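Colleague: Next up is a structure, given as structure tokens.
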Amino acid sequence: MIGDKLHIVVCIKQTSSSTNAQFDAKKATVQAAGAQAAINPFDEYAIEEGVRIRERLNSKATVHALSLGPAEAESSLREAIAKGCDGATLLSDPQFEGSDTAATAYLLQKGIEKLGKLKGPVDLVLCGKQTNDSDAGVVGTQVAAWWDVPSAASVRKVVEIAPGNPGKVVVGRMMEDGTDTLEMSLPAVLSIVKEINEPRIASLKGKMASRKAEIAVWRLSDLEAEVEKIGAAGSALRMGETYPPPKRSGGEVIEGKSPQEKAKKLLQKLKETKLL
């Protein structure tokens, strides 16, 4: 805790907001250049929940946004501040490129660790349940694993949060057959689902604050990270052959004067092609 304040960190990612983004088959990545970018939609709910927890605690909390990505990701961090975060930090270094989810989580945990040293121990980390570019949905739990703290995924409600030493958080977690309730000690990591809240629109005051905010940028040299655990070389996941799905050819229209006639022709066609 920072004095008597709960220290919350929200991990966000800048992703493409365009459906026309191009796919680079050689690099197995979406080409970000020229595509519109924004905060990963699922992370918006994590930001909102962090701000709501601060409001619930009568401002006895701070909410800090943390992102790993290129320099351009600063715009999404400013948007997070506009939506209510108190500050933001960007982890950006060419050596971070090619990191898989485990290496990404490792770097985020190192960023959280440094934030704890500079601004006071981190009590709670919030993540969106997944990103809209890879849909892996595991970074939150991997951050918790590197940090060696409790975690919960698919959190749809923060039932109770009690700062202190020891502090605790009680959450409702979505399951296939309903919702179960978990109590965990702090610090902890929660992966948030969109059913938890409705993200607010940035206020004029928030937008003005985001323009003036100083976004810290940390390189590899700023983190106590092992280079063997990051980037493509430090990633266990290896991408095989990738390619966009083939373009679909035009279909065949079955003509007929009546539904019965069309059905007979369709049946005959299926037999001819040995599908029946």
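Residues are named by chain letter and number: chains run A, B, ... in the order of the structure tokens, numbers start at 1 in each chain, and ligands are numbered from 1 in the order shown.
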Taking only segment 77-155 of chain A into account, list the residues labelled alpha helix (DSSP H) by DSSP (computed from the backbone), as a PyMOL selection string.

Modeller: chain A and resi 77-82+101-119+139-147

Colleague: Can you list every residue of segment 121-144 of chain A that has an atom at most 9 Å from segment 3-15 of chain A, with its nearest atom pair and the distance in Å to one decimal, using only C-alpha atoms, ordered by chain then number, as a Markdown table?

Modeller:
| residue | atom | partner | partner_atom | distance |
| --- | --- | --- | --- | --- |
| A:Pro121 | CA | A:His7 | CA | 6.9 |
| A:Val122 | CA | A:His7 | CA | 5.0 |
| A:Asp123 | CA | A:His7 | CA | 5.2 |
| A:Leu124 | CA | A:Ile8 | CA | 4.8 |
| A:Val125 | CA | A:Val9 | CA | 4.8 |
| A:Leu126 | CA | A:Val10 | CA | 4.7 |
| A:Cys127 | CA | A:Cys11 | CA | 5.3 |
| A:Gly128 | CA | A:Ile12 | CA | 7.4 |
| A:Thr131 | CA | A:Lys13 | CA | 7.6 |
| A:Asn132 | CA | A:Thr15 | CA | 7.2 |
| A:Asp133 | CA | A:Thr15 | CA | 6.7 |
| A:Gly140 | CA | A:Cys11 | CA | 8.5 |

Colleague: Excluding Phe96 of chain A and residues on its chain fewer than 6 positions from it, collect all residues at most 9 Å away from it, counting only C-alpha atoms, and give them as a list in words.

Modeller: Leu68, Gly69, Ala103, Thr104, Leu107, Arg219, Leu220, Ile230, Gly231 and Ala232 of chain A

Colleague: Just to confirm, what's the straight-line distance from atom CA of Lys229 of chain A to atom CA of Ser99 of chain A in Å (one decimal)?

Modeller: 8.7 Å

Colleague: Could you name the residues that touch Ala162 of chain A at 12 Å or less, counting only C-alpha atoms, but leaving out those on the same chain fewer than 6 positions away, as a VMD selection string?

Modeller: chain A and resid 1 4 to 6 53 to 54 56 to 57 60 to 61 123 to 124 168 to 171 183 to 187
